[in-house]
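K.L.:
Mind having a look at this structure? Questions to follow.
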Amino acid sequence: MTDLPLALITGASRGIGAAIAHQLSPTHRLLLGGRDTDALAKVAEELPGAEPWPVDLTDAASLEAAAGKIDRLDVLVHSAGIGKIGTVADSPSSVWRTNLEVNVIAVAELTRLLLPALRAANGHVVVINSGAGYTARPGWGPYAASKFAVRAFADSLRAEEPGLRVTSVFPGRTDTDMQREARAQEGGAYEADKYLRPDSVATAVLTAVTATPEAHFTEIQVRPR
Ligand code: NAP
């Protein structure tokens, strides 16, 4: 077990991140990021070689302390995110700040802190972006702006760190708590059978992470049929 590569997955307490943890588990040791310690313990119980990594990504001191304990890292998956949506007219600065803080700044800062560990392993950074990272629809500006920004982050990182692989994954609507909240804010029906399953997004991540050494999946789009 200790010979397996190490992967840190943020947002692993539920949703897409938890599905990624399940799919990487047979081939990786796992650190499971999130804030909900009970949920993290439950995911860890199901997965051999997995342990909780409970950190609030917006708490700079905790993040630095937790990242400082990792000296070699093969895979970093940024799945943690929030989806505060609203029109420009209805979105105060707090909504913009919250989206940017979790979806962009925390991603950049955690990556920066872990760069020496990632370089030591010629590692792989995976960013769970969104269709909103390419298309800003009405009512989705604050979230879309954060996803456009984190696409730029990934593109810069890929160009700056040729020893790493950097993959952005762009899922469409996926059946998770975030999508339930988004539909509640939009005011539409929740139609789970029309959305992606978290496992389908996780399959894209597994494909990128287990690619043959000469191959680099830079971007993967995943849409419900
Ligand atoms: P989710 O079910 O709501 O889960 C969000 C995860 O992020 C949870 O594990 C949560 O941890 C973690 N998180 C949020 N804020 C955090 C913070 N400050 N510190 C640490 N962890 C934090 O969301 P999801 O649908 O799986 O979304 C995962 C990613 O996919 C996000 O980046 C999202 O933008 C993207 N995405 C989702 C959809 C969709 O339709 N669901 C579509 C496209 C892209 P705790 O619960 O432990 O706090």
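Residues in the structure tokens are named by chain (A, B, ... in the order shown) and by number from 1 within that chain; ligands are numbered from 1 in the order shown.
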DSSP says strand (DSSP E) for which residues of segment 51-206 of chain A? Put them as an MDAnalysis selection string?
P.N.:
chainID A and resid 51:54 75:78 124:128 165:171
K.L.:
List all protein, DNA and RNA residues that have any atom at most 7 Å from ligand 1, counting only C-alpha atoms and all ligand atoms, and write the list as an MDAnalysis selection string.
P.N.:
chainID A and resid 10:17 33:37 39 55:58 79:83 102:103 128:131 170:179
K.L.:
May I have the selected residues written with N, CA, C and O atoms, as a compact mmCIF listing (two decimals), in the first residue's frame?
P.N.:
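Contents of again.txt, freshly written:
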# COMPACT_ATOMS: atom_id res chain seq x y z
N THR A 10 -9.34 17.53 -2.81
CA THR A 10 -10.16 18.45 -2.02
C THR A 10 -11.63 18.20 -2.37
O THR A 10 -11.96 17.67 -3.43
N GLY A 11 -12.51 18.57 -1.44
CA GLY A 11 -13.95 18.35 -1.68
C GLY A 11 -14.30 16.88 -1.69
O GLY A 11 -15.29 16.47 -2.32
N ALA A 12 -13.55 16.06 -0.96
CA ALA A 12 -13.77 14.60 -1.00
C ALA A 12 -14.82 14.14 -0.01
O ALA A 12 -15.11 12.95 0.07
N SER A 13 -15.40 15.05 0.75
CA SER A 13 -16.40 14.64 1.75
C SER A 13 -17.73 14.28 1.10
O SER A 13 -18.56 13.63 1.73
N ARG A 14 -17.97 14.74 -0.14
CA ARG A 14 -19.24 14.43 -0.82
C ARG A 14 -19.13 14.77 -2.31
O ARG A 14 -18.09 15.24 -2.77
N GLY A 15 -20.22 14.53 -3.01
CA GLY A 15 -20.33 14.96 -4.41
C GLY A 15 -19.25 14.37 -5.31
O GLY A 15 -18.85 13.21 -5.18
N ILE A 16 -18.79 15.19 -6.23
CA ILE A 16 -17.83 14.74 -7.25
C ILE A 16 -16.51 14.30 -6.60
O ILE A 16 -15.92 13.30 -7.00
N GLY A 17 -16.05 15.04 -5.60
CA GLY A 17 -14.78 14.71 -4.95
C GLY A 17 -14.80 13.33 -4.31
O GLY A 17 -13.83 12.57 -4.39
N GLY A 33 -9.73 15.73 1.40
CA GLY A 33 -9.95 17.11 1.86
C GLY A 33 -11.42 17.42 2.05
O GLY A 33 -12.28 16.87 1.36
N GLY A 34 -11.70 18.33 3.01
CA GLY A 34 -13.07 18.77 3.28
C GLY A 34 -13.11 19.38 4.67
O GLY A 34 -12.09 19.41 5.36
N ARG A 35 -14.28 19.86 5.07
CA ARG A 35 -14.42 20.43 6.42
C ARG A 35 -15.25 19.54 7.34
O ARG A 35 -15.12 19.59 8.55
N ASP A 36 -16.15 18.76 6.76
CA ASP A 36 -17.08 17.95 7.54
C ASP A 36 -16.35 16.67 7.98
O ASP A 36 -16.22 15.71 7.22
N THR A 37 -15.88 16.67 9.24
CA THR A 37 -15.02 15.57 9.68
C THR A 37 -15.77 14.24 9.74
O THR A 37 -15.20 13.19 9.46
N ALA A 39 -18.25 13.30 7.75
CA ALA A 39 -18.40 12.82 6.36
C ALA A 39 -17.05 12.29 5.85
O ALA A 39 -17.00 11.26 5.17
N VAL A 55 -9.44 20.43 6.38
CA VAL A 55 -8.93 21.81 6.35
C VAL A 55 -9.98 22.70 5.70
O VAL A 55 -10.54 22.33 4.66
N ASP A 56 -10.22 23.87 6.30
CA ASP A 56 -11.02 24.89 5.60
C ASP A 56 -10.07 25.61 4.64
O ASP A 56 -9.11 26.26 5.06
N LEU A 57 -10.34 25.48 3.36
CA LEU A 57 -9.42 26.00 2.34
C LEU A 57 -9.29 27.52 2.38
O LEU A 57 -8.37 28.08 1.79
N THR A 58 -10.22 28.18 3.04
CA THR A 58 -10.14 29.65 3.11
C THR A 58 -9.39 30.12 4.36
O THR A 58 -9.24 31.32 4.57
N SER A 79 -11.34 19.55 -6.22
CA SER A 79 -12.77 19.39 -6.49
C SER A 79 -13.61 20.28 -5.59
O SER A 79 -14.76 20.58 -5.92
N ALA A 80 -13.08 20.72 -4.44
CA ALA A 80 -13.87 21.60 -3.56
C ALA A 80 -14.31 22.83 -4.34
O ALA A 80 -13.55 23.38 -5.14
N GLY A 81 -15.53 23.25 -4.10
CA GLY A 81 -16.01 24.46 -4.76
C GLY A 81 -17.34 24.86 -4.18
O GLY A 81 -17.99 24.08 -3.47
N ILE A 82 -17.72 26.08 -4.47
CA ILE A 82 -19.06 26.52 -4.09
C ILE A 82 -19.70 27.18 -5.31
O ILE A 82 -19.00 27.63 -6.22
N GLY A 83 -21.01 27.22 -5.31
CA GLY A 83 -21.74 27.76 -6.47
C GLY A 83 -22.78 28.77 -6.05
O GLY A 83 -23.97 28.47 -6.03
N VAL A 102 -13.04 30.59 -2.71
CA VAL A 102 -12.98 29.11 -2.67
C VAL A 102 -12.57 28.54 -4.02
O VAL A 102 -11.72 27.64 -4.10
N ASN A 103 -13.14 29.06 -5.10
CA ASN A 103 -12.97 28.42 -6.41
C ASN A 103 -11.69 28.83 -7.12
O ASN A 103 -11.28 28.16 -8.08
N ILE A 128 -11.27 20.63 -11.17
CA ILE A 128 -12.66 20.42 -11.60
C ILE A 128 -13.25 21.80 -11.88
O ILE A 128 -13.54 22.57 -10.96
N ASN A 129 -13.35 22.10 -13.16
CA ASN A 129 -13.90 23.38 -13.59
C ASN A 129 -15.40 23.18 -13.80
O ASN A 129 -16.08 22.55 -12.98
N SER A 130 -15.96 23.65 -14.91
CA SER A 130 -17.41 23.59 -15.14
C SER A 130 -17.66 24.08 -16.56
O SER A 130 -16.83 24.81 -17.13
N GLY A 131 -18.82 23.72 -17.12
CA GLY A 131 -19.22 24.35 -18.38
C GLY A 131 -19.25 25.86 -18.23
O GLY A 131 -19.01 26.61 -19.20
N PHE A 170 -14.28 19.82 -17.32
CA PHE A 170 -15.42 20.75 -17.43
C PHE A 170 -16.73 19.95 -17.44
O PHE A 170 -17.24 19.61 -18.52
N PRO A 171 -17.29 19.65 -16.26
CA PRO A 171 -18.55 18.90 -16.26
C PRO A 171 -19.74 19.83 -16.50
O PRO A 171 -19.71 21.02 -16.14
N GLY A 172 -20.80 19.26 -17.07
CA GLY A 172 -22.09 19.93 -17.06
C GLY A 172 -22.80 19.66 -15.74
O GLY A 172 -22.17 19.20 -14.77
N ARG A 173 -24.11 19.92 -15.71
CA ARG A 173 -24.85 19.73 -14.46
C ARG A 173 -24.69 18.30 -13.95
O ARG A 173 -24.87 17.34 -14.70
N THR A 174 -24.35 18.19 -12.67
CA THR A 174 -24.08 16.89 -12.05
C THR A 174 -24.92 16.76 -10.79
O THR A 174 -25.13 17.74 -10.06
N ASP A 175 -25.41 15.56 -10.55
CA ASP A 175 -26.36 15.29 -9.45
C ASP A 175 -25.65 15.31 -8.09
O ASP A 175 -25.21 14.28 -7.59
N THR A 176 -25.51 16.51 -7.52
CA THR A 176 -24.86 16.68 -6.21
C THR A 176 -25.59 17.77 -5.42
O THR A 176 -26.46 18.47 -5.96
N ASP A 177 -25.16 17.96 -4.16
CA ASP A 177 -25.73 19.02 -3.33
C ASP A 177 -25.61 20.39 -4.00
O ASP A 177 -26.52 21.21 -3.92
N MET A 178 -24.45 20.63 -4.65
CA MET A 178 -24.26 21.95 -5.28
C MET A 178 -25.33 22.20 -6.34
O MET A 178 -25.88 23.30 -6.45
N GLN A 179 -25.62 21.17 -7.13
CA GLN A 179 -26.62 21.34 -8.19
C GLN A 179 -28.01 21.53 -7.58
O GLN A 179 -28.81 22.31 -8.09
K.L.:
Enter the distance from atom CA of Ala149 of chain A to atom CA of Leu100 of chain A, in Å, rounded to one decimal.
P.N.:
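Interatomic distance, atom CA of Ala149 of chain A to atom CA of Leu100 of chain A: 8.4 Å.
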K.L.:
Point out the residue among A:Gln221, A:Thr212, A:Thr207, A:Thr167 with the least atom-to-atom distance to Tyr134 of chain A, counting only C-alpha atoms.
P.N.:
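Among the listed residues, A:Gln221 lies closest to Tyr134 of chain A.
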K.L.:
Taking the chain letters and numbering used in this document, name the residues of segment 56-209 of chain A that DSSP puts in helix (DSSP H, G or I), as an mmCIF file with C-alpha atoms, in the first residue's frame.
P.N.:
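What landed in part.cif:
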data_model
loop_
_atom_site.group_PDB
_atom_site.id
_atom_site.type_symbol
_atom_site.label_atom_id
_atom_site.label_comp_id
_atom_site.auth_asym_id
_atom_site.auth_seq_id
_atom_site.Cartn_x
_atom_site.Cartn_y
_atom_site.Cartn_z
ATOM 1 C CA ALA A 60 -4.655 30.498 5.189
ATOM 2 C CA ALA A 61 -2.798 29.440 8.353
ATOM 3 C CA SER A 62 -4.466 26.002 8.558
ATOM 4 C CA LEU A 63 -3.895 25.443 4.864
ATOM 5 C CA GLU A 64 -0.197 26.247 5.132
ATOM 6 C CA ALA A 65 0.234 24.006 8.194
ATOM 7 C CA ALA A 66 -1.555 21.058 6.562
ATOM 8 C CA ALA A 67 0.223 21.416 3.215
ATOM 9 C CA SER A 93 -19.599 41.910 -3.334
ATOM 10 C CA SER A 94 -19.799 39.126 -0.723
ATOM 11 C CA VAL A 95 -21.153 36.714 -3.366
ATOM 12 C CA TRP A 96 -18.334 37.525 -5.799
ATOM 13 C CA ARG A 97 -15.735 37.283 -3.028
ATOM 14 C CA THR A 98 -16.985 33.928 -1.729
ATOM 15 C CA ASN A 99 -16.914 32.319 -5.172
ATOM 16 C CA LEU A 100 -13.479 33.705 -5.948
ATOM 17 C CA GLU A 101 -12.086 32.817 -2.514
ATOM 18 C CA VAL A 102 -12.983 29.109 -2.671
ATOM 19 C CA ASN A 103 -12.972 28.416 -6.412
ATOM 20 C CA VAL A 104 -9.869 30.402 -7.396
ATOM 21 C CA ILE A 105 -7.704 31.760 -4.583
ATOM 22 C CA ALA A 106 -7.750 28.589 -2.482
ATOM 23 C CA VAL A 107 -6.913 26.529 -5.583
ATOM 24 C CA ALA A 108 -3.966 28.766 -6.455
ATOM 25 C CA GLU A 109 -2.695 28.947 -2.884
ATOM 26 C CA LEU A 110 -2.907 25.214 -2.167
ATOM 27 C CA THR A 111 -1.138 24.505 -5.462
ATOM 28 C CA ARG A 112 1.573 27.048 -4.661
ATOM 29 C CA LEU A 113 2.161 25.512 -1.223
ATOM 30 C CA LEU A 114 2.352 22.008 -2.704
ATOM 31 C CA LEU A 115 4.471 22.815 -5.768
ATOM 32 C CA PRO A 116 7.735 21.480 -4.273
ATOM 33 C CA ALA A 117 5.971 18.204 -3.385
ATOM 34 C CA LEU A 118 4.386 17.997 -6.845
ATOM 35 C CA ARG A 119 7.663 18.767 -8.626
ATOM 36 C CA ALA A 120 9.401 16.053 -6.571
ATOM 37 C CA GLY A 131 -19.218 24.353 -18.380
ATOM 38 C CA ALA A 132 -19.497 27.778 -16.722
ATOM 39 C CA GLY A 133 -15.726 28.085 -17.208
ATOM 40 C CA GLY A 141 -21.938 35.647 -13.444
ATOM 41 C CA PRO A 142 -20.224 35.328 -10.032
ATOM 42 C CA TYR A 143 -19.750 31.550 -10.353
ATOM 43 C CA ALA A 144 -18.804 31.711 -14.052
ATOM 44 C CA ALA A 145 -16.240 34.439 -13.353
ATOM 45 C CA SER A 146 -14.566 32.182 -10.797
ATOM 46 C CA LYS A 147 -14.509 29.270 -13.242
ATOM 47 C CA PHE A 148 -13.140 31.421 -16.110
ATOM 48 C CA ALA A 149 -10.424 32.540 -13.669
ATOM 49 C CA VAL A 150 -9.507 29.042 -12.535
ATOM 50 C CA ARG A 151 -9.263 27.959 -16.202
ATOM 51 C CA ALA A 152 -6.680 30.742 -16.641
ATOM 52 C CA PHE A 153 -4.905 29.537 -13.505
ATOM 53 C CA ALA A 154 -4.645 25.991 -14.914
ATOM 54 C CA ASP A 155 -3.444 27.200 -18.320
ATOM 55 C CA SER A 156 -0.711 29.343 -16.732
ATOM 56 C CA LEU A 157 0.386 26.540 -14.420
ATOM 57 C CA ARG A 158 0.616 24.097 -17.358
ATOM 58 C CA ALA A 159 2.801 26.520 -19.302
ATOM 59 C CA GLU A 160 5.003 27.352 -16.313
ATOM 60 C CA ASP A 177 -25.733 19.019 -3.325
ATOM 61 C CA MET A 178 -24.263 21.948 -5.277
ATOM 62 C CA GLN A 179 -26.625 21.341 -8.186
ATOM 63 C CA ARG A 180 -29.590 21.030 -5.802
ATOM 64 C CA GLU A 181 -28.709 24.423 -4.338
ATOM 65 C CA ALA A 182 -28.214 25.941 -7.801
ATOM 66 C CA ARG A 183 -31.616 24.684 -8.987
ATOM 67 C CA ALA A 184 -33.216 26.037 -5.810
ATOM 68 C CA GLN A 185 -31.644 29.447 -6.486
ATOM 69 C CA GLU A 186 -32.645 29.339 -10.184
ATOM 70 C CA ALA A 192 -31.496 14.175 -11.429
ATOM 71 C CA ASP A 193 -31.967 11.748 -14.318
ATOM 72 C CA LYS A 194 -31.057 14.540 -16.766
ATOM 73 C CA PRO A 198 -20.600 12.158 -10.009
ATOM 74 C CA ASP A 199 -19.062 8.828 -10.965
ATOM 75 C CA SER A 200 -19.059 9.833 -14.645
ATOM 76 C CA VAL A 201 -16.998 12.935 -13.860
ATOM 77 C CA ALA A 202 -14.685 10.804 -11.712
ATOM 78 C CA THR A 203 -14.117 8.482 -14.681
ATOM 79 C CA ALA A 204 -12.754 11.449 -16.655
ATOM 80 C CA VAL A 205 -10.353 12.226 -13.802
ATOM 81 C CA LEU A 206 -9.205 8.605 -13.593
ATOM 82 C CA THR A 207 -8.588 8.599 -17.359
ATOM 83 C CA ALA A 208 -6.391 11.695 -17.126
ATOM 84 C CA VAL A 209 -4.482 10.507 -14.068
#
K.L.:
Would you compute the distance between atom CA of Val126 of chain A and atom CA of Arg29 of chain A? Give it in Å to one decimal.
P.N.:
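According to the coordinates, atom CA of Val126 of chain A and atom CA of Arg29 of chain A are separated by 16.3 Å.
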K.L.:
Can you work out which one of A:Lys69, A:Arg223, A:His216, A:Arg197 has the shortest atom-to-atom distance to Val125 of chain A, counting only C-alpha atoms?
P.N.:
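Once distances to Val125 of chain A are computed over only C-alpha atoms, the minimum belongs to A:His216.
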K.L.:
Distance atom CA of Ala7 of chain A-atom CA of Glu46 of chain A, one decimal place?
P.N.:
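Separation between atom CA of Ala7 of chain A and atom CA of Glu46 of chain A: 16.3 Å.
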